[in-house]
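Here is the file input.cif (mmCIF, C-alpha atoms).
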```cif
data_my_file
#
loop_
_atom_site.label_atom_id
_atom_site.label_comp_id
_atom_site.auth_asym_id
_atom_site.auth_seq_id
_atom_site.Cartn_x
_atom_site.Cartn_y
_atom_site.Cartn_z
CA MET A 1 70.17 112.67 37.78
CA VAL A 2 71.22 114.78 40.76
CA HIS A 3 74.07 117.22 40.03
CA PHE A 4 76.04 118.69 42.93
CA SER A 5 78.81 121.27 42.43
CA TYR A 6 80.96 122.81 45.14
CA ASN A 7 84.23 124.65 45.74
CA ASP A 8 84.50 124.41 49.56
CA LYS A 9 87.93 124.08 51.08
CA SER A 10 86.62 122.59 54.33
CA TYR A 11 84.24 119.75 55.11
CA LEU A 12 82.77 121.99 57.82
CA THR A 13 81.01 123.99 55.09
CA PHE A 14 80.69 121.17 52.55
CA TYR A 15 78.76 118.71 54.74
CA PRO A 16 75.71 120.93 55.49
CA LYS A 17 75.36 121.81 51.77
CA PHE A 18 75.65 118.19 50.70
CA ALA A 19 73.09 117.03 53.27
CA GLU A 20 70.65 119.72 52.12
CA LYS A 21 71.11 118.75 48.46
CA LEU A 22 70.19 115.14 49.27
CA SER A 23 67.45 116.05 51.77
CA SER A 24 69.37 114.03 54.35
CA THR A 25 70.03 114.36 58.06
CA PHE A 26 73.22 116.08 59.24
CA GLU A 27 74.10 115.99 62.93
CA ASN A 28 77.11 115.14 65.08
CA ASN A 29 79.45 115.51 62.06
CA ARG A 30 77.55 112.78 60.19
CA ILE A 31 75.20 112.66 57.19
CA ILE A 32 72.69 109.81 57.11
CA LEU A 33 71.30 109.45 53.60
CA ASN A 34 67.61 109.82 52.92
CA PRO A 35 66.27 106.31 52.00
CA GLU A 36 64.93 107.70 48.72
CA THR A 37 68.45 108.79 47.78
CA GLY A 38 70.38 105.80 49.02
CA LYS A 39 71.65 104.00 52.06
CA GLY A 40 74.71 104.79 54.14
CA THR A 41 76.64 107.57 55.81
CA LEU A 42 79.26 110.27 55.40
CA GLU A 43 81.21 111.14 58.54
CA MET A 44 83.75 113.84 59.41
CA ILE A 45 86.66 112.63 61.55
CA PRO A 46 88.82 115.38 63.14
CA LEU A 47 92.55 114.83 62.63
CA GLY A 48 93.84 117.90 64.47
CA ASP A 49 95.14 121.27 63.22
CA GLY A 50 91.71 122.00 61.75
CA ILE A 51 92.01 119.08 59.32
CA TYR A 52 89.13 116.63 58.85
CA ALA A 53 88.80 113.34 57.04
CA SER A 54 85.57 112.58 55.22
CA VAL A 55 84.77 108.87 55.58
CA THR A 56 81.95 107.77 53.29
CA ASN A 57 80.24 104.42 52.91
CA PHE A 58 77.02 104.52 50.89
CA ARG A 59 75.04 102.99 48.03
CA LEU A 60 73.06 105.35 45.81
CA ASN A 61 69.55 104.81 44.45
CA ILE A 62 69.96 107.61 41.92
CA ASP A 63 72.35 108.70 39.17
CA PHE A 64 74.67 111.29 40.67
CA LYS A 65 77.14 113.77 39.22
CA PHE A 66 79.50 115.21 41.78
CA CYS A 67 81.81 118.06 40.71
CA ARG A 68 84.44 120.03 42.58
CA LYS A 69 85.03 123.31 40.75
CA LYS A 70 88.54 124.72 40.56
CA VAL A 71 89.44 127.73 42.68
CA GLU A 72 92.37 130.14 42.57
CA GLU A 73 93.62 129.45 46.10
CA PRO A 74 95.46 126.13 45.93
CA PHE A 75 94.86 123.36 48.43
CA PHE A 76 95.12 119.61 48.07
CA ILE A 77 92.70 116.71 48.45
CA LEU A 78 93.94 113.21 49.17
CA HIS A 79 91.51 110.54 47.98
CA PHE A 80 91.31 106.86 48.87
CA ASP A 81 88.39 105.58 46.82
CA GLU A 82 86.73 102.24 46.26
CA MET A 83 83.80 102.29 43.83
CA LYS A 84 81.67 99.39 42.63
CA ALA A 85 78.75 99.65 40.22
CA ASN A 86 76.60 97.58 37.87
CA LYS A 87 77.19 100.09 35.08
CA ASP A 88 80.16 102.11 33.89
CA PHE A 89 81.13 105.00 36.12
CA ALA A 90 83.42 107.82 35.14
CA LEU A 91 85.96 110.21 36.58
CA ARG A 92 86.98 113.45 34.86
CA LEU A 93 90.04 115.34 36.12
CA ASP A 94 91.07 118.56 34.38
CA GLY A 95 89.36 117.45 31.15
CA GLU A 96 90.86 113.95 31.18
CA LEU A 97 88.09 111.31 31.24
CA PHE A 98 88.48 107.83 32.67
CA LYS A 99 85.73 105.19 32.48
CA ALA A 100 85.89 102.04 34.58
CA LYS A 101 85.12 99.05 32.40
CA SER A 102 85.06 96.50 35.19
CA HIS A 103 82.62 98.55 37.28
CA ALA A 104 85.12 98.36 40.13
CA LEU A 105 88.10 100.53 40.96
CA THR A 106 90.20 101.22 44.02
CA ALA A 107 92.92 103.85 43.99
CA ALA A 108 94.72 106.53 45.96
CA MET A 109 94.93 109.93 44.32
CA LEU A 110 96.16 113.42 45.18
CA THR A 111 94.29 116.25 43.46
CA CYS A 112 94.64 120.02 43.60
CA SER A 113 91.93 122.70 43.82
CA LEU A 114 93.41 124.33 40.70
CA PHE A 115 91.80 121.56 38.63
CA ASP A 116 88.17 120.52 38.17
CA LEU A 117 87.22 117.05 39.37
CA CYS A 118 83.96 115.26 38.52
CA TYR A 119 82.58 111.84 39.35
CA PHE A 120 79.63 110.33 37.51
CA LEU A 121 78.13 107.57 39.65
CA PRO A 122 75.18 105.60 38.25
CA ALA A 123 72.39 104.38 40.50
CA HIS A 124 73.34 101.48 42.78
CA THR A 125 77.00 102.51 42.94
CA HIS A 126 78.61 101.47 46.22
CA LYS A 127 81.25 104.00 47.23
CA ARG A 128 83.64 103.71 50.15
CA SER A 129 86.13 106.52 50.45
CA VAL A 130 88.43 108.41 52.76
CA ASN A 131 89.11 111.97 51.60
CA ILE A 132 91.26 114.56 53.37
CA ILE A 133 91.52 118.26 52.47
CA LEU A 134 95.07 119.43 53.15
CA THR A 135 96.39 123.00 53.14
CA LYS A 136 99.82 123.97 51.85
CA ASP A 137 100.79 124.91 55.40
CA TRP A 138 99.87 121.44 56.66
CA ILE A 139 101.94 119.78 53.94
CA LYS A 140 104.95 122.00 54.66
CA LYS A 141 104.66 121.38 58.41
CA TYR A 142 104.28 117.61 58.40
CA MET A 143 105.66 116.31 55.12
CA ASN A 144 109.08 117.93 55.47
CA MET A 145 109.35 118.36 51.71
CA GLY A 146 111.66 121.36 52.07
CA ILE A 147 109.90 123.51 49.46
CA ASP A 148 107.99 126.79 49.46
CA ASP A 149 104.40 127.44 48.33
CA GLU A 150 105.28 127.64 44.65
CA GLY A 151 107.48 124.59 44.97
CA ILE A 152 104.66 122.50 46.40
CA CYS A 153 102.39 123.34 43.46
CA GLN A 154 105.18 122.82 40.92
CA THR A 155 106.04 119.44 42.44
CA PHE A 156 102.39 118.43 42.17
CA PHE A 157 102.21 119.56 38.51
CA ASN A 158 105.37 117.63 37.62
CA LEU A 159 104.10 114.45 39.27
CA LYS A 160 100.64 114.85 37.72
CA LEU A 161 102.08 115.19 34.21
CA GLN A 162 103.76 111.82 34.69
CA HIS A 163 100.61 110.20 36.13
CA LEU A 164 102.36 109.77 39.47
CA THR A 165 99.73 111.39 41.69
CA HIS A 166 97.59 108.28 41.14
CA GLU A 167 98.57 105.32 43.31
CA PRO A 168 97.35 101.76 42.94
CA PHE A 169 96.18 100.31 46.24
CA ASN A 170 98.76 97.90 47.59
CA THR A 171 98.46 95.56 50.55
CA GLU A 172 99.47 98.29 53.01
CA TYR A 173 96.87 100.77 51.74
CA ARG A 174 94.16 98.13 51.71
CA THR A 175 94.91 97.00 55.27
CA TYR A 176 94.46 100.51 56.74
CA PHE A 177 91.51 101.26 54.45
CA ASN A 178 89.65 98.13 55.50
CA GLN A 179 90.41 98.80 59.17
CA ILE A 180 88.46 102.05 58.90
CA PHE A 181 85.34 100.41 57.51
CA ASP A 182 85.58 97.23 59.56
CA THR A 183 85.67 99.12 62.89
CA PRO A 184 82.38 98.25 64.67
CA ALA A 185 80.09 101.13 65.63
CA ASP A 186 80.18 100.01 69.26
CA LYS A 187 83.96 99.64 69.51
CA PRO A 188 85.41 101.57 72.48
CA MET A 189 87.31 104.66 71.28
CA ARG A 190 86.04 103.99 67.74
CA GLU A 191 86.91 107.48 66.46
CA LEU A 192 90.48 107.15 67.74
CA HIS A 193 90.95 103.83 65.92
CA ILE A 194 89.60 105.32 62.69
CA ARG A 195 91.76 108.45 63.06
CA ASN A 196 94.90 106.34 63.56
CA ALA A 197 94.14 104.31 60.43
CA VAL A 198 93.49 107.50 58.41
CA MET A 199 96.82 108.95 59.57
CA MET A 200 98.59 105.76 58.49
CA LEU A 201 97.00 106.10 55.03
CA ILE A 202 98.25 109.69 54.81
CA GLU A 203 101.74 108.74 55.99
CA THR A 204 101.93 105.86 53.53
CA TYR A 205 100.88 108.01 50.59
CA PHE A 206 103.24 110.90 51.28
CA SER A 207 106.15 108.60 52.09
CA ARG A 208 105.73 107.06 48.65
CA LEU A 209 105.27 110.50 47.07
CA TYR A 210 108.50 111.68 48.67
CA LYS A 211 110.35 108.68 47.23
CA LYS A 212 108.87 109.45 43.81
CA GLN A 213 110.13 113.00 44.02
CA LYS A 214 113.64 111.76 44.85
CA SER A 215 113.90 108.92 42.33
CA ILE A 216 111.44 109.48 39.50
CA SER A 217 113.71 107.84 36.94
CA GLU A 218 113.63 104.56 38.87
CA LEU A 219 109.85 104.30 39.31
CA PRO A 220 108.13 101.16 37.95
CA THR A 221 105.37 103.34 36.45
CA ARG A 222 107.83 105.76 34.82
CA ASN A 223 107.42 104.39 31.27
CA MET A 224 103.92 102.96 31.72
CA GLN A 225 100.96 104.43 29.86
CA ALA A 226 98.22 105.87 32.06
CA ARG A 227 95.70 103.52 30.44
CA ASP A 228 97.70 100.45 31.45
CA LEU A 229 98.11 101.73 35.01
CA TYR A 230 94.33 102.19 35.33
CA LYS A 231 93.79 98.69 33.98
CA LEU A 232 96.11 97.29 36.64
CA MET A 233 94.13 99.16 39.30
CA GLU A 234 90.96 97.52 38.01
CA VAL A 235 92.64 94.10 38.05
CA GLU A 236 93.61 94.70 41.68
CA SER A 237 89.98 95.50 42.52
CA LEU A 238 88.81 92.30 40.84
CA LEU A 239 91.34 90.21 42.77
CA VAL A 240 90.16 91.38 46.20
CA LYS A 241 86.46 91.69 45.36
CA ASP A 242 85.34 88.40 46.92
CA PHE A 243 87.73 86.10 48.76
CA SER A 244 85.06 83.40 49.08
CA LYS A 245 85.59 82.60 45.40
CA ALA A 246 88.65 81.66 43.39
CA PRO A 247 90.26 84.71 41.72
CA PRO A 248 89.86 85.22 37.96
CA THR A 249 92.38 83.32 35.87
CA ILE A 250 95.37 85.20 34.49
CA VAL A 251 94.13 84.39 30.97
CA ASP A 252 90.78 86.03 31.74
CA LEU A 253 92.47 89.05 33.31
CA ALA A 254 94.77 89.41 30.31
CA ALA A 255 91.79 89.34 27.96
CA TYR A 256 90.01 91.93 30.06
CA THR A 257 93.01 94.30 30.10
CA GLU A 258 93.76 93.65 26.41
CA MET A 259 97.33 92.81 27.40
CA SER A 260 99.26 89.66 26.66
CA VAL A 261 99.62 87.25 29.57
CA SER A 262 103.34 87.99 29.84
CA LYS A 263 102.82 91.79 29.76
CA LEU A 264 100.09 91.59 32.41
CA LYS A 265 102.22 89.46 34.73
CA SER A 266 105.33 91.60 34.38
CA SER A 267 103.43 94.92 34.62
CA PHE A 268 101.51 93.79 37.69
CA LYS A 269 104.71 92.69 39.43
CA LYS A 270 106.41 96.00 38.59
CA VAL A 271 103.61 98.04 40.16
CA TYR A 272 102.57 95.82 43.07
CA GLY A 273 105.86 94.13 43.82
CA THR A 274 104.48 90.61 43.68
CA GLY A 275 102.78 88.14 41.36
CA ILE A 276 99.05 88.24 40.72
CA TYR A 277 98.08 85.17 42.74
CA GLU A 278 100.60 86.01 45.47
CA TYR A 279 98.90 89.41 45.80
CA PHE A 280 95.47 87.75 46.05
CA GLN A 281 96.70 85.38 48.75
CA LYS A 282 98.51 88.05 50.78
CA ASN A 283 95.38 90.21 50.93
CA ARG A 284 93.24 87.17 51.66
CA MET A 285 95.38 86.46 54.72
CA ARG A 286 95.32 90.12 55.80
CA LYS A 287 91.53 89.93 55.63
CA ALA A 288 91.61 86.80 57.78
CA GLN A 289 93.88 88.50 60.30
CA ASN A 290 91.60 91.54 60.57
CA MET A 291 88.52 89.36 61.04
CA LEU A 292 90.18 87.31 63.77
CA LEU A 293 91.40 90.41 65.59
CA THR A 294 87.79 91.59 66.02
CA HIS A 295 87.18 88.43 68.12
CA ARG A 296 83.76 88.19 66.49
CA TYR A 297 84.52 85.12 64.38
CA THR A 298 85.86 81.65 65.05
CA VAL A 299 88.76 80.30 63.00
CA LYS A 300 86.31 78.02 61.21
CA GLU A 301 83.98 80.92 60.34
CA VAL A 302 86.87 82.98 58.96
CA GLY A 303 88.21 80.08 56.90
CA LEU A 304 84.81 79.32 55.39
CA GLN A 305 84.11 82.99 54.58
CA LEU A 306 87.44 83.19 52.77
CA GLY A 307 86.72 80.18 50.59
CA TYR A 308 88.52 77.39 52.46
CA THR A 309 86.67 74.09 52.68
CA ASN A 310 89.71 72.47 54.30
CA LEU A 311 90.59 74.36 57.49
CA SER A 312 94.00 72.70 57.67
CA ASN A 313 94.89 74.44 54.41
CA PHE A 314 93.67 77.73 55.86
CA SER A 315 95.81 77.29 58.98
CA LEU A 316 98.90 76.44 56.93
CA ALA A 317 98.38 79.45 54.64
CA PHE A 318 97.94 81.74 57.64
CA LYS A 319 101.07 80.42 59.33
CA LYS A 320 103.06 80.85 56.12
CA GLU A 321 102.08 84.53 56.01
CA PHE A 322 102.31 85.46 59.70
CA GLY A 323 104.41 82.75 61.35
CA ILE A 324 101.65 81.67 63.74
CA LEU A 325 98.48 79.62 63.48
CA PRO A 326 95.16 81.50 63.33
CA SER A 327 94.17 79.85 66.62
CA GLU A 328 97.20 81.51 68.28
CA LEU A 329 96.20 85.05 67.32
#
```
When written as structure tokens, how does the structure in this file appear?
Amino acid sequence: MVHFSYNDKSYLTFYPKFAEKLSSTFENNRIILNPETGKGTLEMIPLGDGIYASVTNFRLNIDFKFCRKKVEEPFFILHFDEMKANKDFALRLDGELFKAKSHALTAAMLTCSLFDLCYFLPAHTHKRSVNIILTKDWIKKYMNMGIDDEGICQTFFNLKLQHLTHEPFNTEYRTYFNQIFDTPADKPMRELHIRNAVMMLIETYFSRLYKKQKSISELPTRNMQARDLYKLMEVESLLVKDFSKAPPTIVDLAAYTEMSVSKLKSSFKKVYGTGIYEYFQKNRMRKAQNMLLTHRYTVKEVGLQLGYTNLSNFSLAFKKEFGILPSEL
């Protein structure tokens, strides 16, 4: 197992250290993994004001433990993570351990440098993530939260205690997230497209965080146990894992989460705002829309890749979601 610990507050210093640890190439703000270690890349995307996003898309060939050690000077890290593995992987935050039973998890999460954070990723884990290190000054300048330095940290602590710094991916998050990784390497102004999608992820997260701060008592996750919220996140990952196949049945999902069918359905709707199969279909159509907008696929190719054997049904489903036929996009 490779163990990497760090306490950097900028990707400008983190990236060279990480590349050296993995004996990988680092140039032009990008790490290309050594084939013995894995396959894929990590890339820094400048966002302005000295802020960078770290966009990673890799599959490991080794067991890897990745730990960010706490530091006294507080700053914040916004995570958008999608992890898939053949074995259990684990996340430890400030002593609290979470293991993913389904081997798949997608979530948004705000962490603070005042707390340790460790990932254990077994060999063959596929990790896609967008991480942004944010200073207190940046948050005060752009988030308009109307609080001083101590207030920012106290707000974070209050939200963390109520498990509200963790966000399940919804359709909006997933749309921007997938745009980042679906942007072709040869697309004109590629970095600008990725930067815009990253900024939309940040705006979406902090808009929701601001609403939480204003109306905590009304939140759907207010009285939900952290364990159940994590299970719902895993269910969401299973639903969007492969659109070429039918989604798992609600009975199977209920058995997996160890919830009753009625509790699963009501809890999922509280958190995601829609029913389980409606959520699957909405994201299926968003995937179709993104594929068609690349102009690299025909309508038939998109329909077949998303599990439709009858293209008329695909066209009707697309029109129901977007008001136009896929051929009119």
Using only C-alpha atoms, tabulate the residues of stretch 37-85 of chain A lying at most 8 Å from any atom of stretch 178-201 of chain A, each with its closest atom pair and that distance in Å to one decimal, by chain and increasing residue number, as a tab-separated table.
```
residue	atom	partner	partner_atom	distance
A:Ile45	CA	A:Arg195	CA	6.8
A:Pro46	CA	A:Arg195	CA	7.5
A:Leu47	CA	A:Arg195	CA	6.4
A:Ala53	CA	A:Val198	CA	7.6
A:Asn57	CA	A:Phe181	CA	8.0
```
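With only C-alpha atoms as the atoms that count, the minimum distance from A:Pro74 to the choices A:Asp49, A:Glu234, A:Asp137, A:Asp242 is reached by A:Asp137.
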If the PyMOL selection byres ((chain A and resi 27-32) around 10) is run on the structure shown, which residues does it catch, given as an MDAnalysis selection string?
chainID A and resid 11:12 15:16 18:20 22:26 33:35 38:46 54:56 58
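Restricting the calculation to all atoms listed in the file, the smallest distance between A:Asn283 and any of A:Gln225, A:Thr309, A:Asn170, A:Thr257 is found for A:Asn170.
Of the residues under consideration (A:Leu97, A:Leu121, A:Cys112, A:Leu232), A:Cys112 shows the shortest atom-to-atom contact distance to A:Arg68 when counting all atoms listed in the file.
Of note, atom CA of A:Lys245 and atom CA of A:His295 are spaced 23.5 Å apart.
Nearest to A:Glu321 of all the residues A:Thr135, A:Gln305, A:Gln289, A:Asn61 is A:Gln289, counting only C-alpha atoms.
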Polymer residues at most 10 Å from (96.7, 87.6, 54.7) by all atoms listed in the file, as a PyMOL selection string:
chain A and resi 171+175+279-290+317-322
In file coordinates, which residues lie within 12 Å of (102.1, 94.8, 36.3) using all atoms listed in the file, given as a count of residues only?
37
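Here the PyMOL selection byres ((chain A and resi 132) around 7) catches exactly these residues: Tyr52, Ala53, Ser54, Ile77, Leu78, His79, Val130, Asn131, Ile133 and Leu134 of chain A.
Atom pair atom CA of A:Lys9 / atom CA of A:Tyr210 has a distance of 24.1 Å (rounded to one decimal).
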Using all atoms listed in the file, determine which residues lie at most 8 Å from stretch 116-118 of chain A, disregarding the query and same-chain residues fewer than 3 positions distant; provide the list as a PDB file with C-alpha atoms, in the frame of the given file.
```pdb
ATOM      1  CA  LYS A  65      77.140 113.770  39.220  1.00  0.00           C
ATOM      2  CA  PHE A  66      79.500 115.210  41.780  1.00  0.00           C
ATOM      3  CA  CYS A  67      81.810 118.060  40.710  1.00  0.00           C
ATOM      4  CA  ARG A  68      84.440 120.030  42.580  1.00  0.00           C
ATOM      5  CA  LYS A  69      85.030 123.310  40.750  1.00  0.00           C
ATOM      6  CA  LYS A  70      88.540 124.720  40.560  1.00  0.00           C
ATOM      7  CA  LEU A  91      85.960 110.210  36.580  1.00  0.00           C
ATOM      8  CA  ARG A  92      86.980 113.450  34.860  1.00  0.00           C
ATOM      9  CA  LEU A  93      90.040 115.340  36.120  1.00  0.00           C
ATOM     10  CA  ASP A  94      91.070 118.560  34.380  1.00  0.00           C
ATOM     11  CA  GLY A  95      89.360 117.450  31.150  1.00  0.00           C
ATOM     12  CA  SER A 113      91.930 122.700  43.820  1.00  0.00           C
TER      13      SER A 113
END
```
Target residues per the PyMOL selection byres ((chain A and resi 105) around 6), formatted as number ranges by chain:
A: 82-83, 104, 106, 234, 237
Same residues, C-alpha atoms, saved as a PDB file, in the coordinates of the input:
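Heads up, here's the output in out25.pdb:
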```pdb
ATOM      1  CA  GLU A  82      86.730 102.240  46.260  1.00  0.00           C
ATOM      2  CA  MET A  83      83.800 102.290  43.830  1.00  0.00           C
ATOM      3  CA  ALA A 104      85.120  98.360  40.130  1.00  0.00           C
ATOM      4  CA  THR A 106      90.200 101.220  44.020  1.00  0.00           C
ATOM      5  CA  GLU A 234      90.960  97.520  38.010  1.00  0.00           C
ATOM      6  CA  SER A 237      89.980  95.500  42.520  1.00  0.00           C
TER       7      SER A 237
END
```
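Atom CA of A:Leu209 is positioned 16.6 Å from atom CA of A:Phe75.
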Find, counting all atoms listed in the file, the residue in A:Leu329, A:Asp8, A:Asn86, A:Tyr256 that gets nearest to A:Met291.
A:Leu329
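Checking A:Val240, A:Trp138, A:Leu114, A:Glu203 one by one against A:Phe169, counting all atoms listed in the file, you find the shortest gap at A:Val240.
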